[in-house]
Every structure is written in C-alpha cells, then in structure tokens.
Amino acid sequence: MSEMHQFLFDGLPVRGQLVRLTESWQEILHRRAENAETGAYPLSVQVLLGEMTAAATLMQALLKFDGDLVLQIFGNGPLKLAVVEVKADLSLRSTAKTIGAVQEGATLTQMVNVNNQGKCAITLDPKSRFPGQQPYQGVVPLFDDLGNPIDQISEVLEHYMLQSEQLDTKLILAANDKVAAGLLVQRMPVQGEGNLSAKSTQADEDQIGVNEDFKRIAMLAATLTSEELLSLEPDAILHRLFWDEPLMRYEPLKGSNAPRFVCSCSKERVSQMILGLGQEEAQSILSEMPNIEVGCEFCGRQYVFDAIDAAQIFTPPVVKPPVVPPEHLH
Ligand SMILES: [Zn+2]
C-alpha cells in the first residue's frame, strides 16, 4: 500500500519525508496501458512521470497547501506534457502526452528539452479563491545557472525550491512499473514553517549552502540508490541512512490517509458528454467507427461506447410525470 513518512532531526534545522506509491501508481499505469489508442507509456516516460508523481506528493505533504498542487513539465520533443495533480488530502492523478516515438533510454533533455526551451511549472491553486485571485505559479527552466540542460527532474525541483523558498533541498526519486518513490530532506526555514508562496527571509538566504547539519544529512540521503528506494521498506531505508542521527518520526500516513489515486472521470460523466453532443452527432461518429472512444485527459482512462451503449444514452428513461416547479404550484 502507498505510504508517506514524515520526520525531523531533533535539535537540527532539518526535516524530511519519504513517499512510496504502489497501488496508486500502478492504477495510473494500468489506465494508460488499457487505453487502446495510446497504449502503455514508453519506459523513459514511465520513469519520469513516476518520479514527478512522487515529487509532487512530497511537495504537497510538505506545504500542506489547502488546494491543488500541480507539477508539470512541457517543452519541445516527443514528450509534449507531463502533469501531476495532488490535492490537499493527498489524492492524486497524473498523465503524460507524447507525440511521436520516445527512444528507449531517452533523457529528460531528449524527451522535453530538445532546444533548451523546456520548462517546469508548479501551480498552487487554492481551494477557495477570493474574487480576482489567481493561482500562484512558479516556473523554472530545465537548465542550470550556466545554461546547461539538467537531466534529472529531482535536480530541477531542488533548484526550484532554492529559488522560491531559499531552502536547500535534497531530493532522491525513482520509479518502475510497480513503485514510484521519493525521499526529500530540506533545511528548515529560520523562522516559521516556510511555504512556496510565503516571503522568504534574508536569514534563509544567508543559510543557503552553509548549514553543516543539512549538508551532512543531505550527503547521507544522496547515498540512497534507486534500487534501495524502490525495493526496501521505508523503515529499513530510514534506518540504513540515518541510524546515527537524532531521527524523530511522525505517525506515518497509511491506509485512508495515505496518498491515493483519484480521478473524477466516470462512465456516467462521459455519457453526459455524449448526450450533450446530440444523437445525430453520435450516430455520425458511429457511422465511421465501430465505437465512440473518449479518453480522460487527466488519467488516460479510455471509455468505449459501442452502438448499443450509445443508443441507451439517447433512450429516454422510464416516463415520469412532469415535475412542476414550486413557483407554479399556486
Ligand atoms: Zn480520469
């Protein structure tokens, strides 16, 4: 089962999180693989999207943002867009759009940053916005300060958090077809909780790259291999890395509190959409194709309606007496 572990180091200005997505990640891959139009993700896209899904979940749990956190990358190359959405309750969904073939072993640069114009955007969309309020969005390029393309999404996000929060962050990410996992350690803000949309202080900026406790713990974190992150239980990982540090753990988020896959699409919703097209349009599609196929753009799940399904949509339900609006009842 998917789980999220949060911890800090007693007396040290360092906090951390470890996420392990299993059935939620497998559901994302399953929906895509079942889609006859797109088929499964190419391996390189699968790894990248899994790493992004783990990273976005870590960031949402860290920020405790009361709204949607959306992490996306887009640019030029065969991968047009990869996007992850994580809600305040850690329900999540993710998808990627490819155009053309993605070579096996393709790097981030080859997939989405061919001419160094690729971008990574993080959007925080509050649950309740006051009139005129825009979601907060931060955008970073997929290259470093010298203009060299960055090939690890973890490095792009470390860069992002340094820029937006003035906080040193170490991020280790990995994904395969069963697990998407990530470990994050971060220097804590000098004052308060720190938040992507909050103003960073000069004191935080002054601490960049100099805090010895963070540097030591980040170096320990960096020894974690992808294979360990994907195969070891969280307890084993934390012990292996931090056995000699004053680790203090919170109650893990498991079961119904754990990160989980949720998409609001359903066969009923798609039926409503087809109903909206009108019977004539639906018949016209079915005169050219055996089925009406509608893919959810947020999760890739494909809904297929054959002629009989479509006919049912347009068959009026059992006739009920007309409902008289209350204002006409006198
Ligand atoms: Zn969906």
# chains A, B, ... in the order shown; residues from 1 in each chain; ligands from 1
$ closest_atom_pairs --of "chain A" --to "ligand 1" --cutoff "12 Å" --atoms "only C-alpha atoms and all ligand atoms" --output "JSON lines"
{"residue": "A:Glu27", "atom": "CA", "partner": "ligand 1", "partner_atom_place_in_ligand_line": "1 (Zn)", "distance": 11.0}
{"residue": "A:Ile28", "atom": "CA", "partner": "ligand 1", "partner_atom_place_in_ligand_line": "1 (Zn)", "distance": 9.4}
{"residue": "A:His30", "atom": "CA", "partner": "ligand 1", "partner_atom_place_in_ligand_line": "1 (Zn)", "distance": 12.0}
{"residue": "A:Arg31", "atom": "CA", "partner": "ligand 1", "partner_atom_place_in_ligand_line": "1 (Zn)", "distance": 8.6}
{"residue": "A:Arg32", "atom": "CA", "partner": "ligand 1", "partner_atom_place_in_ligand_line": "1 (Zn)", "distance": 10.2}
{"residue": "A:Asn35", "atom": "CA", "partner": "ligand 1", "partner_atom_place_in_ligand_line": "1 (Zn)", "distance": 11.6}
{"residue": "A:Glu85", "atom": "CA", "partner": "ligand 1", "partner_atom_place_in_ligand_line": "1 (Zn)", "distance": 11.7}
{"residue": "A:Leu92", "atom": "CA", "partner": "ligand 1", "partner_atom_place_in_ligand_line": "1 (Zn)", "distance": 10.8}
{"residue": "A:Arg93", "atom": "CA", "partner": "ligand 1", "partner_atom_place_in_ligand_line": "1 (Zn)", "distance": 8.0}
{"residue": "A:Ser94", "atom": "CA", "partner": "ligand 1", "partner_atom_place_in_ligand_line": "1 (Zn)", "distance": 9.1}
{"residue": "A:Thr95", "atom": "CA", "partner": "ligand 1", "partner_atom_place_in_ligand_line": "1 (Zn)", "distance": 9.3}
{"residue": "A:Phe261", "atom": "CA", "partner": "ligand 1", "partner_atom_place_in_ligand_line": "1 (Zn)", "distance": 10.0}
{"residue": "A:Val262", "atom": "CA", "partner": "ligand 1", "partner_atom_place_in_ligand_line": "1 (Zn)", "distance": 8.0}
{"residue": "A:Cys263", "atom": "CA", "partner": "ligand 1", "partner_atom_place_in_ligand_line": "1 (Zn)", "distance": 4.6}
{"residue": "A:Ser264", "atom": "CA", "partner": "ligand 1", "partner_atom_place_in_ligand_line": "1 (Zn)", "distance": 5.9}
{"residue": "A:Cys265", "atom": "CA", "partner": "ligand 1", "partner_atom_place_in_ligand_line": "1 (Zn)", "distance": 4.3}
{"residue": "A:Ser266", "atom": "CA", "partner": "ligand 1", "partner_atom_place_in_ligand_line": "1 (Zn)", "distance": 7.2}
{"residue": "A:Lys267", "atom": "CA", "partner": "ligand 1", "partner_atom_place_in_ligand_line": "1 (Zn)", "distance": 9.9}
{"residue": "A:Arg269", "atom": "CA", "partner": "ligand 1", "partner_atom_place_in_ligand_line": "1 (Zn)", "distance": 10.2}
{"residue": "A:Val270", "atom": "CA", "partner": "ligand 1", "partner_atom_place_in_ligand_line": "1 (Zn)", "distance": 10.2}
{"residue": "A:Val294", "atom": "CA", "partner": "ligand 1", "partner_atom_place_in_ligand_line": "1 (Zn)", "distance": 10.4}
{"residue": "A:Gly295", "atom": "CA", "partner": "ligand 1", "partner_atom_place_in_ligand_line": "1 (Zn)", "distance": 7.9}
{"residue": "A:Cys296", "atom": "CA", "partner": "ligand 1", "partner_atom_place_in_ligand_line": "1 (Zn)", "distance": 4.6}
{"residue": "A:Glu297", "atom": "CA", "partner": "ligand 1", "partner_atom_place_in_ligand_line": "1 (Zn)", "distance": 6.5}
{"residue": "A:Phe298", "atom": "CA", "partner": "ligand 1", "partner_atom_place_in_ligand_line": "1 (Zn)", "distance": 5.0}
{"residue": "A:Cys299", "atom": "CA", "partner": "ligand 1", "partner_atom_place_in_ligand_line": "1 (Zn)", "distance": 4.1}
{"residue": "A:Gly300", "atom": "CA", "partner": "ligand 1", "partner_atom_place_in_ligand_line": "1 (Zn)", "distance": 6.1}
{"residue": "A:Arg301", "atom": "CA", "partner": "ligand 1", "partner_atom_place_in_ligand_line": "1 (Zn)", "distance": 5.6}
{"residue": "A:Gln302", "atom": "CA", "partner": "ligand 1", "partner_atom_place_in_ligand_line": "1 (Zn)", "distance": 8.4}
{"residue": "A:Tyr303", "atom": "CA", "partner": "ligand 1", "partner_atom_place_in_ligand_line": "1 (Zn)", "distance": 9.7}
$ residues_around --residues "Ala88 in chain A" --least-positions-apart "6" --cutoff "9 Å" --atoms "only C-alpha atoms" --output "ChimeraX atom specification"
/A:60-61,64-69,127
$ closest_residue --among "A:Val47, A:Val83, A:Leu18, A:Ala222" --to "Cys120 in chain A" --atoms "only C-alpha atoms"
A:Val83
$ select_by_dssp --residues "range 55-191 of chain A" --states "strand (DSSP E)" --output "PyMOL selection string"
chain A and resi 67-74+79-86+91-98+119-126+136-141+169-175+180-187
$ select_by_dssp --residues "range 162-276 of chain A" --states "alpha helix (DSSP H)" --output "PyMOL selection string"
chain A and resi 162-165+202-207+212-222+226-231+234-242+267-276
$ closest_atom_pairs --of "range 12-105 of chain A" --to "range 304-316 of chain A" --cutoff "12 Å" --atoms "only C-alpha atoms" --output "tab-separated table"
residue	atom	partner	partner_atom	distance
A:Glu34	CA	A:Val304	CA	11.3
A:Asn35	CA	A:Val304	CA	9.7
A:Ala36	CA	A:Val304	CA	9.8
A:Glu37	CA	A:Val304	CA	10.9
$ write_last_selection --atoms "C-alpha atoms" --output "PDB file, in the first residue's frame"
ATOM      1  CA  GLU A  34      -5.563  -0.235 -21.140  1.00  0.00           C
ATOM      2  CA  ASN A  35      -6.121   2.718 -23.450  1.00  0.00           C
ATOM      3  CA  ALA A  36      -6.158   1.156 -26.918  1.00  0.00           C
ATOM      4  CA  GLU A  37      -5.433   4.495 -28.550  1.00  0.00           C
TER       5      GLU A  37
END
$ atom_distance --atom1 "CA of Leu241 in chain A" --atom2 "CA of Ile217 in chain A"
8.6 Å
$ closest_residue --among "A:Gly255, A:Gly278, A:Pro246, A:Gly138" --to "Leu71 in chain A" --atoms "only C-alpha atoms"
A:Gly138
$ closest_residue --among "A:Leu173, A:Val70, A:Ala282, A:Met111" --to "Lys97 in chain A" --atoms "only C-alpha atoms"
A:Met111
$ closest_residue --among "A:Glu280, A:Val114, A:Lys170, A:Leu183" --to "Lys215 in chain A" --atoms "only C-alpha atoms"
A:Lys170
$ closest_residue --among "A:Val140, A:Val102, A:Val179, A:Ile122" --to "Leu29 in chain A" --atoms "only C-alpha atoms"
A:Val179
$ closest_residue --among "A:Met52, A:Ala96, A:Leu58, A:Leu232" --to "Ala258 in chain A" --atoms "only C-alpha atoms"
A:Leu58
